[in-house]
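Below you'll find the structure, written out as structure tokens, and then a few comments.
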Amino acid sequence: MSERTEHLVLTPTAPGDLEEIHALYSDPRVWTHLPSGRFTDLEATREWLAGRVRGRDVFGIGSYTARDPETGALLGHGGCEVRGSEYAGGDFINLGYRFAPEAQGRGLATELARFAMKEAALRRPDLPIVAYLLEHNAASAAVAGKLGMTLRHRAPDAGNPDPEAIRLVFADRELTPAQLASTLA
């Protein structure tokens, strides 16, 4: 079932989106902040996509493809997903977004994120919504700020191939020490 926002058609991520999602996530232009994160293997993308679909089935919230309402072209992908201990019902909700370079700078990530956050808050008001990102990804930090999220943590990004990388954790509320630890795992 698709939802319409002012500039996007949002559809829950589905297995049929594989080729387009892989094209987006394998584009080095959308990974300038973390080149090592770029998707390079279609089968790995298939497994990642299956995880997104499974997450929506289990928790009732998830990610969306974001399409141009006039052309149907894929502009981006993102949304909210429960993360952390699945057995405990999750520790936090991760907000993420990725848009094609041609669609960046138009407020579309903010539009998708607002929609996803509203859905997540309705379905899982018990969990904080978190956006974690690298400090040099100024565009994502700007989106988090527009969404009213507050910087809750700043520290070296453990496990990042760049030893100088700094991880920022934004959240819609205070995080418990366990929730913060889960966002950094």
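Just so we're on the same page: first chain in the structure tokens is A, next is B, and so on; residues restart at 1 for each chain, and ligands are numbered from 1 in the order they show up.
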Could you list, with a cut-off of 10 Å and counting only C-alpha atoms, the residues of segment 27-146 of chain A near segment 161-182 of chain A, each shown with its nearest atom pair and the distance in Å rounded to one decimal, rows sorted by chain and ascending number, as a Markdown table?
```
| residue | atom | partner | partner_atom | distance |
| --- | --- | --- | --- | --- |
| A:His33 | CA | A:Ala165 | CA | 9.7 |
| A:Leu34 | CA | A:Asp162 | CA | 8.9 |
| A:Pro35 | CA | A:Pro161 | CA | 9.7 |
| A:Ser36 | CA | A:Pro161 | CA | 7.7 |
| A:Arg83 | CA | A:Ser182 | CA | 8.1 |
| A:Gly84 | CA | A:Ser182 | CA | 6.0 |
| A:Ser85 | CA | A:Ser182 | CA | 8.5 |
| A:Gly90 | CA | A:Gln179 | CA | 9.4 |
| A:Asp91 | CA | A:Gln179 | CA | 5.7 |
| A:Phe92 | CA | A:Gln179 | CA | 6.5 |
| A:Ile93 | CA | A:Ala171 | CA | 9.4 |
| A:Asn94 | CA | A:Ala171 | CA | 9.3 |
| A:Leu95 | CA | A:Ala171 | CA | 9.4 |
| A:Met117 | CA | A:Asp172 | CA | 9.6 |
| A:Leu127 | CA | A:Gln179 | CA | 9.2 |
| A:Pro128 | CA | A:Asp172 | CA | 6.2 |
| A:Ile129 | CA | A:Ala171 | CA | 5.6 |
| A:Val130 | CA | A:Ala171 | CA | 4.3 |
| A:Ala131 | CA | A:Phe170 | CA | 5.2 |
| A:Tyr132 | CA | A:Val169 | CA | 4.4 |
| A:Leu133 | CA | A:Leu168 | CA | 5.4 |
| A:Leu134 | CA | A:Arg167 | CA | 4.7 |
| A:Glu135 | CA | A:Ile166 | CA | 5.5 |
| A:His136 | CA | A:Ile166 | CA | 7.9 |
| A:Asn137 | CA | A:Leu168 | CA | 9.7 |
| A:Ala141 | CA | A:Phe170 | CA | 8.3 |
| A:Ala144 | CA | A:Phe170 | CA | 6.8 |
| A:Gly145 | CA | A:Phe170 | CA | 8.4 |
```
Residues from the last selection, C-alpha atoms, saved as a PDB file, in the first residue's frame:
```pdb
ATOM      1  CA  HIS A  33      30.727   9.978   3.724  1.00  0.00           C
ATOM      2  CA  LEU A  34      31.504   6.230   4.111  1.00  0.00           C
ATOM      3  CA  PRO A  35      32.947   4.676   0.929  1.00  0.00           C
ATOM      4  CA  SER A  36      33.416   1.304   2.643  1.00  0.00           C
ATOM      5  CA  ARG A  83      17.051  -2.302  16.181  1.00  0.00           C
ATOM      6  CA  GLY A  84      18.691  -3.962  19.117  1.00  0.00           C
ATOM      7  CA  SER A  85      17.433  -7.007  20.938  1.00  0.00           C
ATOM      8  CA  GLY A  90      14.023  -3.776  20.339  1.00  0.00           C
ATOM      9  CA  ASP A  91      16.139  -1.140  22.052  1.00  0.00           C
ATOM     10  CA  PHE A  92      15.610   1.793  19.703  1.00  0.00           C
ATOM     11  CA  ILE A  93      14.250   2.773  16.312  1.00  0.00           C
ATOM     12  CA  ASN A  94      16.858   3.609  13.693  1.00  0.00           C
ATOM     13  CA  LEU A  95      15.997   6.358  11.230  1.00  0.00           C
ATOM     14  CA  MET A 117       8.960   9.032  12.380  1.00  0.00           C
ATOM     15  CA  LEU A 127      11.240   3.353  21.858  1.00  0.00           C
ATOM     16  CA  PRO A 128      13.447   6.355  21.098  1.00  0.00           C
ATOM     17  CA  ILE A 129      14.014   7.256  17.460  1.00  0.00           C
ATOM     18  CA  VAL A 130      17.714   7.551  16.673  1.00  0.00           C
ATOM     19  CA  ALA A 131      19.736   8.757  13.703  1.00  0.00           C
ATOM     20  CA  TYR A 132      23.398   7.844  13.934  1.00  0.00           C
ATOM     21  CA  LEU A 133      25.803   9.218  11.385  1.00  0.00           C
ATOM     22  CA  LEU A 134      29.337  10.336  10.760  1.00  0.00           C
ATOM     23  CA  GLU A 135      30.195  13.877  11.768  1.00  0.00           C
ATOM     24  CA  HIS A 136      31.370  14.886   8.295  1.00  0.00           C
ATOM     25  CA  ASN A 137      27.961  13.927   6.833  1.00  0.00           C
ATOM     26  CA  ALA A 141      23.028  16.021  10.491  1.00  0.00           C
ATOM     27  CA  ALA A 144      18.207  15.266  11.985  1.00  0.00           C
ATOM     28  CA  GLY A 145      18.154  18.856  13.215  1.00  0.00           C
TER      29      GLY A 145
END
```
Using DSSP on the backbone, list every residue of segment 10-167 of chain A that comes out as helix (DSSP H, G or I), and give them as a PyMOL selection string. chain A and resi 15-25+28-30+35-37+42-59+86-88+101-103+108-123+138-146
Selected residue of minimal separation from Pro125 of chain A among A:Val82, A:Val9, A:Gly37, A:Ala138, counting only C-alpha atoms: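 Smallest separation from Pro125 of chain A among the options: A:Val82.
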Using only C-alpha atoms, find each residue in segment 36-84 of chain A having at least one atom no more than 9 Å away from segment 107-110 of chain A; report its shortest atom-to-atom pair and that distance in Å (one decimal), rows by chain then rising number, as a Markdown table.
```
| residue | atom | partner | partner_atom | distance |
| --- | --- | --- | --- | --- |
| A:Ala66 | CA | A:Leu108 | CA | 8.7 |
| A:Leu75 | CA | A:Leu108 | CA | 8.7 |
| A:Gly76 | CA | A:Ala109 | CA | 8.0 |
| A:His77 | CA | A:Ala109 | CA | 8.7 |
| A:Gly78 | CA | A:Ala109 | CA | 8.1 |
```
Same residues, C-alpha atoms, saved as a PDB file, in the first residue's frame:
```
ATOM      1  CA  ALA A  66      10.552   6.937  -2.321  1.00  0.00           C
ATOM      2  CA  LEU A  75      14.455   8.841  -5.837  1.00  0.00           C
ATOM      3  CA  GLY A  76      15.503   7.288  -2.564  1.00  0.00           C
ATOM      4  CA  HIS A  77      14.947   4.828   0.214  1.00  0.00           C
ATOM      5  CA  GLY A  78      14.626   5.069   3.972  1.00  0.00           C
TER       6      GLY A  78
END
```
Using DSSP on the backbone, list every residue of segment 1-183 of chain A that comes out as strand (DSSP E or B), and give them as a PyMOL selection string. chain A and resi 3-4+9-12+63-67+74-83+92-99+129-134+150-156+166-171
Selected residues written out with C-alpha atoms, as a PDB file, in the first residue's frame:
```pdb
ATOM      1  CA  GLU A   3       1.343   6.567   0.828  1.00  0.00           C
ATOM      2  CA  ARG A   4       1.568  10.003  -0.739  1.00  0.00           C
ATOM      3  CA  VAL A   9       5.055   8.245  -3.255  1.00  0.00           C
ATOM      4  CA  LEU A  10       6.212   5.985  -0.426  1.00  0.00           C
ATOM      5  CA  THR A  11       5.795   2.237  -0.722  1.00  0.00           C
ATOM      6  CA  PRO A  12       6.931  -0.340   1.855  1.00  0.00           C
ATOM      7  CA  SER A  63      11.569   1.337   5.291  1.00  0.00           C
ATOM      8  CA  TYR A  64      10.094   2.715   2.089  1.00  0.00           C
ATOM      9  CA  THR A  65      11.019   3.265  -1.489  1.00  0.00           C
ATOM     10  CA  ALA A  66      10.552   6.937  -2.321  1.00  0.00           C
ATOM     11  CA  ARG A  67       9.383   7.596  -5.876  1.00  0.00           C
ATOM     12  CA  LEU A  74      13.095   5.745  -7.590  1.00  0.00           C
ATOM     13  CA  LEU A  75      14.455   8.841  -5.837  1.00  0.00           C
ATOM     14  CA  GLY A  76      15.503   7.288  -2.564  1.00  0.00           C
ATOM     15  CA  HIS A  77      14.947   4.828   0.214  1.00  0.00           C
ATOM     16  CA  GLY A  78      14.626   5.069   3.972  1.00  0.00           C
ATOM     17  CA  GLY A  79      12.472   4.938   7.026  1.00  0.00           C
ATOM     18  CA  CYS A  80      12.456   3.657  10.594  1.00  0.00           C
ATOM     19  CA  GLU A  81      13.446   0.188  11.741  1.00  0.00           C
ATOM     20  CA  VAL A  82      13.511  -1.412  15.162  1.00  0.00           C
ATOM     21  CA  ARG A  83      17.051  -2.302  16.181  1.00  0.00           C
ATOM     22  CA  PHE A  92      15.610   1.793  19.703  1.00  0.00           C
ATOM     23  CA  ILE A  93      14.250   2.773  16.312  1.00  0.00           C
ATOM     24  CA  ASN A  94      16.858   3.609  13.693  1.00  0.00           C
ATOM     25  CA  LEU A  95      15.997   6.358  11.230  1.00  0.00           C
ATOM     26  CA  GLY A  96      17.877   6.170   7.957  1.00  0.00           C
ATOM     27  CA  TYR A  97      17.623   7.662   4.477  1.00  0.00           C
ATOM     28  CA  ARG A  98      19.560   7.561   1.232  1.00  0.00           C
ATOM     29  CA  PHE A  99      18.678   9.541  -1.888  1.00  0.00           C
ATOM     30  CA  ILE A 129      14.014   7.256  17.460  1.00  0.00           C
ATOM     31  CA  VAL A 130      17.714   7.551  16.673  1.00  0.00           C
ATOM     32  CA  ALA A 131      19.736   8.757  13.703  1.00  0.00           C
ATOM     33  CA  TYR A 132      23.398   7.844  13.934  1.00  0.00           C
ATOM     34  CA  LEU A 133      25.803   9.218  11.385  1.00  0.00           C
ATOM     35  CA  LEU A 134      29.337  10.336  10.760  1.00  0.00           C
ATOM     36  CA  THR A 150      19.037  16.394  19.553  1.00  0.00           C
ATOM     37  CA  LEU A 151      22.690  15.380  19.518  1.00  0.00           C
ATOM     38  CA  ARG A 152      23.036  12.869  22.375  1.00  0.00           C
ATOM     39  CA  HIS A 153      26.516  11.451  21.775  1.00  0.00           C
ATOM     40  CA  ARG A 154      29.745  12.293  19.946  1.00  0.00           C
ATOM     41  CA  ALA A 155      32.758   9.968  19.977  1.00  0.00           C
ATOM     42  CA  PRO A 156      35.200   8.109  17.723  1.00  0.00           C
ATOM     43  CA  ILE A 166      33.544  10.623  14.589  1.00  0.00           C
ATOM     44  CA  ARG A 167      30.115   9.081  15.240  1.00  0.00           C
ATOM     45  CA  LEU A 168      27.176  11.330  16.118  1.00  0.00           C
ATOM     46  CA  VAL A 169      24.017   9.957  17.702  1.00  0.00           C
ATOM     47  CA  PHE A 170      20.894  12.111  17.439  1.00  0.00           C
ATOM     48  CA  ALA A 171      17.673  11.081  19.189  1.00  0.00           C
TER      49      ALA A 171
END
```
